[in-house]
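Data file: input.cif. Format and content: mmCIF, N, CA and C atoms.
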data_protein
loop_
_atom_site.label_atom_id
_atom_site.label_comp_id
_atom_site.auth_asym_id
_atom_site.auth_seq_id
_atom_site.Cartn_x
_atom_site.Cartn_y
_atom_site.Cartn_z
N GLN A 1 157.72 125.57 145.68
CA GLN A 1 157.28 125.62 144.29
C GLN A 1 156.20 124.57 144.06
N VAL A 2 155.23 124.96 143.26
CA VAL A 2 154.15 124.06 142.88
C VAL A 2 154.20 123.88 141.37
N GLN A 3 154.15 122.66 140.94
CA GLN A 3 154.06 122.36 139.51
C GLN A 3 152.65 121.84 139.21
N LEU A 4 152.11 122.29 138.09
CA LEU A 4 150.77 121.90 137.69
C LEU A 4 150.84 121.19 136.34
N VAL A 5 150.23 120.03 136.28
CA VAL A 5 150.21 119.25 135.04
C VAL A 5 148.76 119.06 134.63
N GLU A 6 148.44 119.50 133.44
CA GLU A 6 147.08 119.42 132.92
C GLU A 6 146.94 118.26 131.96
N SER A 7 145.75 117.72 131.88
CA SER A 7 145.43 116.70 130.88
C SER A 7 143.99 116.88 130.45
N GLY A 8 143.68 116.30 129.32
CA GLY A 8 142.35 116.45 128.75
C GLY A 8 142.37 117.49 127.65
N GLY A 9 141.22 117.99 127.29
CA GLY A 9 141.13 118.92 126.19
C GLY A 9 141.08 118.20 124.87
N GLY A 10 141.14 118.97 123.78
CA GLY A 10 141.09 118.39 122.46
C GLY A 10 140.03 119.02 121.60
N LEU A 11 139.59 118.28 120.61
CA LEU A 11 138.60 118.76 119.64
C LEU A 11 137.27 118.04 119.86
N VAL A 12 136.20 118.81 119.90
CA VAL A 12 134.87 118.24 120.10
C VAL A 12 133.87 119.05 119.30
N GLN A 13 132.78 118.41 118.91
CA GLN A 13 131.72 119.13 118.21
C GLN A 13 130.85 119.90 119.19
N ALA A 14 130.21 120.93 118.70
CA ALA A 14 129.30 121.71 119.53
C ALA A 14 128.24 120.79 120.13
N GLY A 15 127.97 121.04 121.41
CA GLY A 15 127.03 120.20 122.14
C GLY A 15 127.69 119.04 122.87
N GLY A 16 128.95 118.82 122.59
CA GLY A 16 129.67 117.72 123.20
C GLY A 16 130.24 118.07 124.56
N SER A 17 131.01 117.11 125.11
CA SER A 17 131.57 117.27 126.44
C SER A 17 133.06 116.95 126.43
N LEU A 18 133.75 117.56 127.37
CA LEU A 18 135.16 117.27 127.61
C LEU A 18 135.44 117.35 129.09
N ARG A 19 136.53 116.71 129.49
CA ARG A 19 136.96 116.78 130.88
C ARG A 19 138.41 117.20 130.92
N LEU A 20 138.68 118.18 131.78
CA LEU A 20 140.04 118.63 132.04
C LEU A 20 140.45 118.22 133.44
N SER A 21 141.69 117.81 133.57
CA SER A 21 142.22 117.43 134.87
C SER A 21 143.53 118.16 135.11
N CYS A 22 143.76 118.52 136.36
CA CYS A 22 145.00 119.21 136.73
C CYS A 22 145.50 118.62 138.04
N ALA A 23 146.76 118.24 138.05
CA ALA A 23 147.37 117.69 139.26
C ALA A 23 148.53 118.55 139.70
N ALA A 24 148.55 118.87 140.98
CA ALA A 24 149.64 119.66 141.55
C ALA A 24 150.68 118.74 142.18
N SER A 25 151.93 119.14 142.05
CA SER A 25 153.02 118.40 142.69
C SER A 25 154.04 119.39 143.21
N GLY A 26 155.02 118.86 143.92
CA GLY A 26 156.01 119.71 144.55
C GLY A 26 155.60 120.04 145.97
N PHE A 27 155.81 121.27 146.38
CA PHE A 27 155.46 121.69 147.73
C PHE A 27 154.01 122.14 147.71
N ILE A 28 153.07 121.22 147.95
CA ILE A 28 151.66 121.49 147.74
C ILE A 28 150.91 121.76 149.04
N LEU A 29 151.64 122.07 150.09
CA LEU A 29 151.01 122.37 151.35
C LEU A 29 150.22 123.67 151.27
N SER A 30 149.03 123.65 151.83
CA SER A 30 148.23 124.88 151.98
C SER A 30 147.88 125.58 150.68
N ILE A 31 147.53 124.81 149.65
CA ILE A 31 146.95 125.43 148.45
C ILE A 31 145.53 125.86 148.82
N SER A 32 145.23 127.13 148.65
CA SER A 32 143.93 127.65 149.09
C SER A 32 142.87 127.56 147.99
N THR A 33 143.26 127.75 146.75
CA THR A 33 142.31 127.60 145.64
C THR A 33 143.00 126.95 144.45
N MET A 34 142.20 126.24 143.68
CA MET A 34 142.64 125.73 142.38
C MET A 34 141.51 125.98 141.39
N GLY A 35 141.87 126.19 140.16
CA GLY A 35 140.82 126.45 139.19
C GLY A 35 141.34 126.50 137.77
N TRP A 36 140.47 126.96 136.91
CA TRP A 36 140.74 127.02 135.48
C TRP A 36 140.45 128.42 134.94
N TYR A 37 141.36 128.87 134.11
CA TYR A 37 141.19 130.10 133.35
C TYR A 37 141.32 129.73 131.88
N ARG A 38 140.86 130.62 131.02
CA ARG A 38 141.01 130.35 129.58
C ARG A 38 141.35 131.64 128.84
N GLN A 39 142.00 131.45 127.71
CA GLN A 39 142.37 132.59 126.88
C GLN A 39 142.13 132.23 125.42
N ALA A 40 141.22 132.96 124.81
CA ALA A 40 140.93 132.80 123.39
C ALA A 40 141.81 133.75 122.59
N PRO A 41 142.04 133.46 121.32
CA PRO A 41 142.89 134.33 120.50
C PRO A 41 142.40 135.77 120.49
N GLY A 42 143.30 136.69 120.77
CA GLY A 42 142.96 138.10 120.77
C GLY A 42 142.22 138.59 121.99
N LYS A 43 142.03 137.72 122.98
CA LYS A 43 141.29 138.10 124.18
C LYS A 43 142.16 137.92 125.42
N GLN A 44 141.73 138.56 126.50
CA GLN A 44 142.44 138.43 127.76
C GLN A 44 142.09 137.10 128.43
N ARG A 45 142.99 136.66 129.28
CA ARG A 45 142.72 135.46 130.05
C ARG A 45 141.58 135.75 131.02
N GLU A 46 140.65 134.80 131.14
CA GLU A 46 139.49 135.01 132.00
C GLU A 46 139.26 133.80 132.88
N LEU A 47 138.64 134.07 134.02
CA LEU A 47 138.28 133.00 134.95
C LEU A 47 137.19 132.12 134.34
N VAL A 48 137.34 130.82 134.51
CA VAL A 48 136.30 129.87 134.13
C VAL A 48 135.61 129.35 135.38
N ALA A 49 136.40 128.78 136.27
CA ALA A 49 135.84 128.22 137.51
C ALA A 49 136.96 127.99 138.50
N VAL A 50 136.66 128.17 139.79
CA VAL A 50 137.62 127.90 140.84
C VAL A 50 136.93 127.17 141.98
N VAL A 51 137.72 126.44 142.74
CA VAL A 51 137.23 125.77 143.94
C VAL A 51 138.21 126.06 145.06
N THR A 52 137.68 126.29 146.26
CA THR A 52 138.53 126.59 147.39
C THR A 52 138.79 125.33 148.22
N SER A 53 139.75 125.43 149.11
CA SER A 53 140.05 124.31 149.99
C SER A 53 138.86 123.99 150.89
N GLY A 54 137.98 124.96 151.10
CA GLY A 54 136.79 124.73 151.90
C GLY A 54 135.62 124.17 151.11
N GLY A 55 135.82 124.02 149.78
CA GLY A 55 134.78 123.43 148.96
C GLY A 55 133.89 124.42 148.22
N SER A 56 134.10 125.71 148.42
CA SER A 56 133.30 126.70 147.70
C SER A 56 133.70 126.73 146.23
N ARG A 57 132.72 126.97 145.38
CA ARG A 57 132.96 126.99 143.94
C ARG A 57 132.45 128.29 143.35
N ASN A 58 133.17 128.78 142.37
CA ASN A 58 132.78 130.00 141.69
C ASN A 58 132.94 129.79 140.19
N TYR A 59 131.93 130.22 139.44
CA TYR A 59 131.92 130.03 137.99
C TYR A 59 131.73 131.35 137.26
N ALA A 60 132.30 131.43 136.08
CA ALA A 60 131.99 132.54 135.19
C ALA A 60 130.53 132.40 134.76
N ASP A 61 129.87 133.53 134.57
CA ASP A 61 128.46 133.48 134.16
C ASP A 61 128.28 132.69 132.87
N SER A 62 129.26 132.78 131.99
CA SER A 62 129.13 132.15 130.67
C SER A 62 129.15 130.62 130.73
N VAL A 63 129.59 130.06 131.84
CA VAL A 63 129.68 128.60 131.92
C VAL A 63 128.77 128.01 132.99
N LYS A 64 128.10 128.84 133.75
CA LYS A 64 127.21 128.33 134.79
C LYS A 64 126.15 127.41 134.20
N GLY A 65 125.96 126.30 134.86
CA GLY A 65 124.97 125.33 134.39
C GLY A 65 125.51 124.37 133.35
N ARG A 66 126.69 124.63 132.83
CA ARG A 66 127.29 123.75 131.82
C ARG A 66 128.58 123.10 132.30
N PHE A 67 129.34 123.82 133.10
CA PHE A 67 130.63 123.33 133.58
C PHE A 67 130.52 123.01 135.07
N THR A 68 131.26 122.00 135.50
CA THR A 68 131.30 121.62 136.91
C THR A 68 132.75 121.41 137.33
N ILE A 69 133.14 122.09 138.41
CA ILE A 69 134.51 121.95 138.92
C ILE A 69 134.46 121.17 140.22
N SER A 70 135.46 120.34 140.43
CA SER A 70 135.57 119.60 141.69
C SER A 70 137.04 119.49 142.06
N GLY A 71 137.27 119.42 143.36
CA GLY A 71 138.63 119.29 143.85
C GLY A 71 138.67 118.44 145.08
N ASP A 72 139.83 117.87 145.37
CA ASP A 72 139.95 117.04 146.57
C ASP A 72 140.37 117.93 147.75
N ASN A 73 140.45 117.29 148.91
CA ASN A 73 140.77 118.03 150.14
C ASN A 73 141.79 117.22 150.94
N PRO A 74 143.03 117.74 151.12
CA PRO A 74 143.50 119.05 150.70
C PRO A 74 143.65 119.15 149.19
N LEU A 75 143.58 120.35 148.68
CA LEU A 75 143.61 120.56 147.24
C LEU A 75 144.95 120.13 146.65
N LYS A 76 144.86 119.23 145.69
CA LYS A 76 146.02 118.86 144.89
C LYS A 76 145.62 118.41 143.50
N THR A 77 144.34 118.14 143.31
CA THR A 77 143.81 117.74 142.01
C THR A 77 142.48 118.45 141.79
N VAL A 78 142.29 118.94 140.57
CA VAL A 78 141.02 119.57 140.24
C VAL A 78 140.56 119.07 138.88
N LEU A 79 139.26 118.83 138.78
CA LEU A 79 138.64 118.37 137.54
C LEU A 79 137.65 119.41 137.06
N LEU A 80 137.55 119.56 135.76
CA LEU A 80 136.55 120.44 135.17
C LEU A 80 135.79 119.63 134.13
N LEU A 81 134.51 119.40 134.41
CA LEU A 81 133.63 118.73 133.46
C LEU A 81 132.90 119.80 132.65
N MET A 82 133.04 119.71 131.34
CA MET A 82 132.47 120.73 130.46
C MET A 82 131.43 120.06 129.56
N ASP A 83 130.19 120.48 129.72
CA ASP A 83 129.08 119.95 128.93
C ASP A 83 128.51 121.04 128.04
N SER A 84 127.73 120.61 127.05
CA SER A 84 127.06 121.56 126.14
C SER A 84 128.03 122.60 125.59
N LEU A 85 129.15 122.15 125.14
CA LEU A 85 130.18 123.06 124.65
C LEU A 85 129.73 123.78 123.38
N THR A 86 130.16 125.01 123.26
CA THR A 86 129.88 125.83 122.08
C THR A 86 131.19 126.32 121.49
N PRO A 87 131.17 126.78 120.26
CA PRO A 87 132.41 127.32 119.67
C PRO A 87 133.01 128.46 120.48
N GLU A 88 132.18 129.18 121.24
CA GLU A 88 132.67 130.28 122.07
C GLU A 88 133.52 129.78 123.24
N ASP A 89 133.49 128.50 123.50
CA ASP A 89 134.33 127.92 124.56
C ASP A 89 135.73 127.58 124.05
N THR A 90 135.97 127.75 122.78
CA THR A 90 137.29 127.46 122.22
C THR A 90 138.33 128.41 122.79
N ALA A 91 139.38 127.83 123.35
CA ALA A 91 140.43 128.62 124.00
C ALA A 91 141.52 127.67 124.50
N VAL A 92 142.61 128.28 124.95
CA VAL A 92 143.60 127.54 125.72
C VAL A 92 143.18 127.64 127.20
N TYR A 93 143.07 126.51 127.84
CA TYR A 93 142.64 126.45 129.23
C TYR A 93 143.86 126.24 130.12
N TYR A 94 143.98 127.08 131.15
CA TYR A 94 145.13 127.04 132.06
C TYR A 94 144.66 126.68 133.46
N CYS A 95 145.36 125.75 134.06
CA CYS A 95 145.13 125.43 135.46
C CYS A 95 145.86 126.45 136.34
N ASN A 96 145.24 126.80 137.44
CA ASN A 96 145.82 127.77 138.37
C ASN A 96 145.73 127.24 139.78
N ALA A 97 146.76 127.54 140.56
CA ALA A 97 146.74 127.24 142.00
C ALA A 97 147.25 128.45 142.75
N LEU A 98 146.60 128.74 143.87
CA LEU A 98 147.01 129.86 144.72
C LEU A 98 147.48 129.31 146.05
N GLN A 99 148.71 129.65 146.38
CA GLN A 99 149.31 129.18 147.63
C GLN A 99 150.03 130.35 148.27
N TRP A 100 149.55 130.76 149.43
CA TRP A 100 150.19 131.85 150.18
C TRP A 100 150.43 133.09 149.30
N ARG A 101 149.40 133.51 148.56
CA ARG A 101 149.41 134.68 147.70
C ARG A 101 150.28 134.51 146.45
N GLN A 102 150.77 133.33 146.21
CA GLN A 102 151.56 133.07 145.02
C GLN A 102 150.72 132.27 144.03
N ASN A 103 150.62 132.79 142.81
CA ASN A 103 149.88 132.09 141.77
C ASN A 103 150.81 131.18 140.97
N TYR A 104 150.35 130.00 140.69
CA TYR A 104 151.06 129.06 139.84
C TYR A 104 150.16 128.70 138.66
N TRP A 105 150.80 128.47 137.51
CA TRP A 105 150.06 128.18 136.28
C TRP A 105 150.57 126.92 135.60
N GLY A 106 149.65 126.21 134.98
CA GLY A 106 150.02 125.10 134.13
C GLY A 106 150.43 125.61 132.76
N GLN A 107 150.79 124.68 131.91
CA GLN A 107 151.29 125.06 130.58
C GLN A 107 150.16 125.37 129.60
N GLY A 108 148.94 124.97 129.96
CA GLY A 108 147.80 125.23 129.09
C GLY A 108 147.46 124.03 128.22
N THR A 109 146.18 123.86 127.99
CA THR A 109 145.72 122.79 127.10
C THR A 109 144.65 123.35 126.18
N GLN A 110 144.72 123.00 124.92
CA GLN A 110 143.82 123.56 123.92
C GLN A 110 142.47 122.83 123.93
N VAL A 111 141.42 123.62 123.93
CA VAL A 111 140.06 123.11 123.75
C VAL A 111 139.49 123.77 122.51
N THR A 112 139.09 122.96 121.54
CA THR A 112 138.52 123.48 120.31
C THR A 112 137.15 122.86 120.10
N VAL A 113 136.15 123.72 119.93
CA VAL A 113 134.78 123.26 119.72
C VAL A 113 134.37 123.66 118.31
N SER A 114 134.06 122.68 117.50
CA SER A 114 133.67 122.95 116.12
C SER A 114 132.16 123.08 116.01
N SER A 115 131.72 123.90 115.08
CA SER A 115 130.28 124.13 114.91
C SER A 115 129.68 123.13 113.94
#

For this file, write the structure as structure tokens.
Amino acid sequence: QVQLVESGGGLVQAGGSLRLSCAASGFILSISTMGWYRQAPGKQRELVAVVTSGGSRNYADSVKGRFTISGDNPLKTVLLLMDSLTPEDTAVYYCNALQWRQNYWGQGTQVTVSS
């Protein structure tokens, strides 16, 4: 079992920045990817950014150039730096870890961007 604990998030004005952090604990051997998803009210959960154990990174088109994901090796901690935030980035952000085809999720942290 993998447990994920998120920190960061909160309320920020448009154009501002926030940092999200996620730490994995428990049986954390061989985590292949870690990343962030988000879910806005009335919308489906969507990928924001992921990083692999090999260091590859993938971003949603909507956040490219504004968000930066980083992770350690072996994967157990992942950071998401969010710059130039807009109200459209408002959502609950969930940390995700993939280990041997099993997905694990954090409890979610609220990010609210005011206009």

Using DSSP on the backbone, list every residue of stretch 7-79 of chain A that comes out as strand (DSSP E), and give them as an MDAnalysis selection string.
chainID A and resid 7:8 10:13 18:26 31:39 46:52 57:59 67:71 77:79

Counting all atoms listed in the file, what are the residues of stretch 37-63 of chain A within 8 Å of stretch 68-75 of chain A, and for each of them which pair of atoms is the nearest and at what distance in Å, to one decimal? Sort the table by chain and rising number, as a tab-separated table.
residue	atom	partner	partner_atom	distance
A:Ala49	C	A:Ile69	CA	6.5
A:Val50	C	A:Ile69	CA	6.5
A:Val51	CA	A:Gly71	N	6.4
A:Thr52	C	A:Leu75	CA	6.9
A:Ser53	CA	A:Leu75	N	5.5
A:Gly54	N	A:Asn73	CA	7.5
A:Gly55	CA	A:Gly71	N	7.3
A:Arg57	CA	A:Ile69	C	7.1
A:Asn58	N	A:Ile69	CA	7.8
A:Val63	C	A:Thr68	N	7.0

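For the structure in this document, the set picked by the PyMOL selection byres ((chain A and resi 115) around 7) is Val12, Gln13, Ala14, Thr86, Pro87, Val113 and Ser114 of chain A.
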
Please produce a file of the residues just selected, as a CSV table (one decimal), in the coordinates of the input, where the atoms kept are N, CA and C atoms.
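Contents of part-v4.csv, freshly written:
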chain,number,residue,atom,x,y,z
A,12,VAL,N,136.2,118.8,119.9
A,12,VAL,CA,134.9,118.2,120.1
A,12,VAL,C,133.9,119.0,119.3
A,13,GLN,N,132.8,118.4,118.9
A,13,GLN,CA,131.7,119.1,118.2
A,13,GLN,C,130.8,119.9,119.2
A,14,ALA,N,130.2,120.9,118.7
A,14,ALA,CA,129.3,121.7,119.5
A,14,ALA,C,128.2,120.8,120.1
A,86,THR,N,130.2,125.0,123.3
A,86,THR,CA,129.9,125.8,122.1
A,86,THR,C,131.2,126.3,121.5
A,87,PRO,N,131.2,126.8,120.3
A,87,PRO,CA,132.4,127.3,119.7
A,87,PRO,C,133.0,128.5,120.5
A,113,VAL,N,136.2,123.7,119.9
A,113,VAL,CA,134.8,123.3,119.7
A,113,VAL,C,134.4,123.7,118.3
A,114,SER,N,134.1,122.7,117.5
A,114,SER,CA,133.7,123.0,116.1
A,114,SER,C,132.2,123.1,116.0

Exercise: residues within 6.5 Å of coordinate (151.6, 118.4, 141.4), counting all atoms listed in the file, as a list in words
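Residues lying no farther than 6.5 Å from the given point: Val2, Gln3, Leu4, Val5, Ala23, Ala24, Ser25, Gly26 and Lys76 of chain A.
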
Spatial neighbours of stretch 91-102 of chain A, max dist 6 Å, all atoms listed in the file, sep filter under 6 positions, as a short mmCIF file (atom, residue, chain, number, x, y, z; two decimals) with N, CA and C atoms, in the frame of the given file:
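For reference, part.cif as written:
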data_model
loop_
_atom_site.label_atom_id
_atom_site.label_comp_id
_atom_site.auth_asym_id
_atom_site.auth_seq_id
_atom_site.Cartn_x
_atom_site.Cartn_y
_atom_site.Cartn_z
N SER A 30 149.03 123.65 151.83
CA SER A 30 148.23 124.88 151.98
C SER A 30 147.88 125.58 150.68
N ILE A 31 147.53 124.81 149.65
CA ILE A 31 146.95 125.43 148.45
C ILE A 31 145.53 125.86 148.82
N SER A 32 145.23 127.13 148.65
CA SER A 32 143.93 127.65 149.09
C SER A 32 142.87 127.56 147.99
N THR A 33 143.26 127.75 146.75
CA THR A 33 142.31 127.60 145.64
C THR A 33 143.00 126.95 144.45
N MET A 34 142.20 126.24 143.68
CA MET A 34 142.64 125.73 142.38
C MET A 34 141.51 125.98 141.39
N GLY A 35 141.87 126.19 140.16
CA GLY A 35 140.82 126.45 139.19
C GLY A 35 141.34 126.50 137.77
N TRP A 36 140.47 126.96 136.91
CA TRP A 36 140.74 127.02 135.48
C TRP A 36 140.45 128.42 134.94
N TYR A 37 141.36 128.87 134.11
CA TYR A 37 141.19 130.10 133.35
C TYR A 37 141.32 129.73 131.88
N ARG A 38 140.86 130.62 131.02
CA ARG A 38 141.01 130.35 129.58
C ARG A 38 141.35 131.64 128.84
N GLN A 39 142.00 131.45 127.71
CA GLN A 39 142.37 132.59 126.88
C GLN A 39 142.13 132.23 125.42
N ALA A 40 141.22 132.96 124.81
CA ALA A 40 140.93 132.80 123.39
C ALA A 40 141.81 133.75 122.59
N PRO A 41 142.04 133.46 121.32
CA PRO A 41 142.89 134.33 120.50
C PRO A 41 142.40 135.77 120.49
N GLY A 108 148.94 124.97 129.96
CA GLY A 108 147.80 125.23 129.09
C GLY A 108 147.46 124.03 128.22
N THR A 109 146.18 123.86 127.99
CA THR A 109 145.72 122.79 127.10
C THR A 109 144.65 123.35 126.18
N GLN A 110 144.72 123.00 124.92
CA GLN A 110 143.82 123.56 123.92
C GLN A 110 142.47 122.83 123.93
N VAL A 111 141.42 123.62 123.93
CA VAL A 111 140.06 123.11 123.75
C VAL A 111 139.49 123.77 122.51
N THR A 112 139.09 122.96 121.54
CA THR A 112 138.52 123.48 120.31
C THR A 112 137.15 122.86 120.10
#

Quick one: distance from atom N of A:Gln1 to atom CA of A:Trp105 in Å, one decimal?
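Value for the atom N of A:Gln1-atom CA of A:Trp105 distance: 12.4 Å.
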
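We find atom N of A:Arg66 and atom CA of A:Arg19 to be spaced 13.1 Å apart.
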
Taking only C-alpha atoms into account, which of A:Asn103, A:Thr90, A:Met82, A:Gly65 comes nearest A:Ser17?
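Distance minimum relative to A:Ser17 lands on A:Met82.
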
Computed interatomic separation between atom CA of A:Ala60 and atom CA of A:Ile28 (Å):
25.8 Å

Expand the PyMOL selection byres (((chain A and resi 84 and name CA) around 6) and name CA) into the individual residues it matches in the shown file, reporting them as a list of chain:residue names.
A:Gly15, A:Gly16, A:Asp83, A:Leu85

Would you give the centre and edge lengths, in Å to one decimal, of a box along x, y and z around the listed atoms of stretch 54-67 of chain A, with 8 Å added to each side, as JSON?
{"center_x": 131.5, "center_y": 128.3, "center_z": 141.3, "size_x": 29.0, "size_y": 26.5, "size_z": 37.2}

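Nearest-residue note for A:Leu47: choosing from A:Val78, A:Leu29, A:Tyr104, A:Ser62, the minimum distance belongs to A:Ser62, counting only C-alpha atoms.
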
Will you give me stretch 16-72 of chain A, written with C-alpha atoms and laid out as an mmCIF file, in the first residue's frame?
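That gives us result.cif:
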data_model
loop_
_atom_site.group_PDB
_atom_site.id
_atom_site.type_symbol
_atom_site.label_atom_id
_atom_site.label_comp_id
_atom_site.auth_asym_id
_atom_site.auth_seq_id
_atom_site.Cartn_x
_atom_site.Cartn_y
_atom_site.Cartn_z
ATOM 1 C CA GLY A 16 0.080 34.490 -8.934
ATOM 2 C CA SER A 17 1.941 31.308 -8.095
ATOM 3 C CA LEU A 18 1.467 28.297 -5.860
ATOM 4 C CA ARG A 19 3.413 25.170 -5.067
ATOM 5 C CA LEU A 20 1.966 21.740 -4.424
ATOM 6 C CA SER A 21 3.917 18.962 -2.784
ATOM 7 C CA CYS A 22 3.111 15.276 -2.482
ATOM 8 C CA ALA A 23 4.981 12.709 -0.420
ATOM 9 C CA ALA A 24 4.532 8.962 -0.713
ATOM 10 C CA SER A 25 4.919 6.609 2.230
ATOM 11 C CA GLY A 26 4.327 2.979 2.992
ATOM 12 C CA PHE A 27 5.489 0.376 0.508
ATOM 13 C CA ILE A 28 6.975 2.797 -2.030
ATOM 14 C CA LEU A 29 9.163 0.402 -3.958
ATOM 15 C CA SER A 30 9.010 0.682 -7.737
ATOM 16 C CA ILE A 31 6.672 3.645 -8.140
ATOM 17 C CA SER A 32 6.793 4.192 -11.899
ATOM 18 C CA THR A 33 5.002 7.544 -12.167
ATOM 19 C CA MET A 34 3.788 10.297 -9.888
ATOM 20 C CA GLY A 35 1.763 13.285 -10.859
ATOM 21 C CA TRP A 36 -1.136 15.612 -10.391
ATOM 22 C CA TYR A 37 -4.705 15.545 -11.617
ATOM 23 C CA ARG A 38 -7.423 18.104 -10.985
ATOM 24 C CA GLN A 39 -11.174 18.196 -10.874
ATOM 25 C CA ALA A 40 -13.220 21.363 -11.168
ATOM 26 C CA PRO A 41 -16.887 21.490 -10.106
ATOM 27 C CA GLY A 42 -19.081 19.758 -12.649
ATOM 28 C CA LYS A 43 -16.116 18.480 -14.652
ATOM 29 C CA GLN A 44 -14.241 15.213 -14.940
ATOM 30 C CA ARG A 45 -10.891 14.682 -13.317
ATOM 31 C CA GLU A 46 -8.115 15.544 -15.759
ATOM 32 C CA LEU A 47 -4.379 15.102 -15.994
ATOM 33 C CA VAL A 48 -2.287 18.130 -15.090
ATOM 34 C CA ALA A 49 1.261 16.794 -15.129
ATOM 35 C CA VAL A 50 3.138 13.570 -14.480
ATOM 36 C CA VAL A 51 6.763 12.567 -14.093
ATOM 37 C CA THR A 52 8.192 9.095 -14.564
ATOM 38 C CA SER A 53 10.883 7.320 -12.611
ATOM 39 C CA GLY A 54 13.106 7.869 -15.653
ATOM 40 C CA GLY A 55 12.584 11.624 -15.466
ATOM 41 C CA SER A 56 10.195 12.077 -18.390
ATOM 42 C CA ARG A 57 7.518 14.715 -17.904
ATOM 43 C CA ASN A 58 4.130 15.138 -19.491
ATOM 44 C CA TYR A 59 1.849 18.161 -19.205
ATOM 45 C CA ALA A 60 -1.689 19.006 -20.157
ATOM 46 C CA ASP A 61 -1.746 21.507 -23.009
ATOM 47 C CA SER A 62 -3.570 23.986 -20.795
ATOM 48 C CA VAL A 63 -0.680 24.223 -18.337
ATOM 49 C CA LYS A 64 2.360 23.916 -20.602
ATOM 50 C CA GLY A 65 4.749 26.774 -20.063
ATOM 51 C CA ARG A 66 3.130 27.716 -16.750
ATOM 52 C CA PHE A 67 3.439 24.624 -14.549
ATOM 53 C CA THR A 68 6.580 22.644 -13.755
ATOM 54 C CA ILE A 69 6.634 19.169 -12.218
ATOM 55 C CA SER A 70 9.651 17.589 -10.578
ATOM 56 C CA GLY A 71 10.256 14.358 -8.747
ATOM 57 C CA ASP A 72 13.091 12.606 -6.983
#
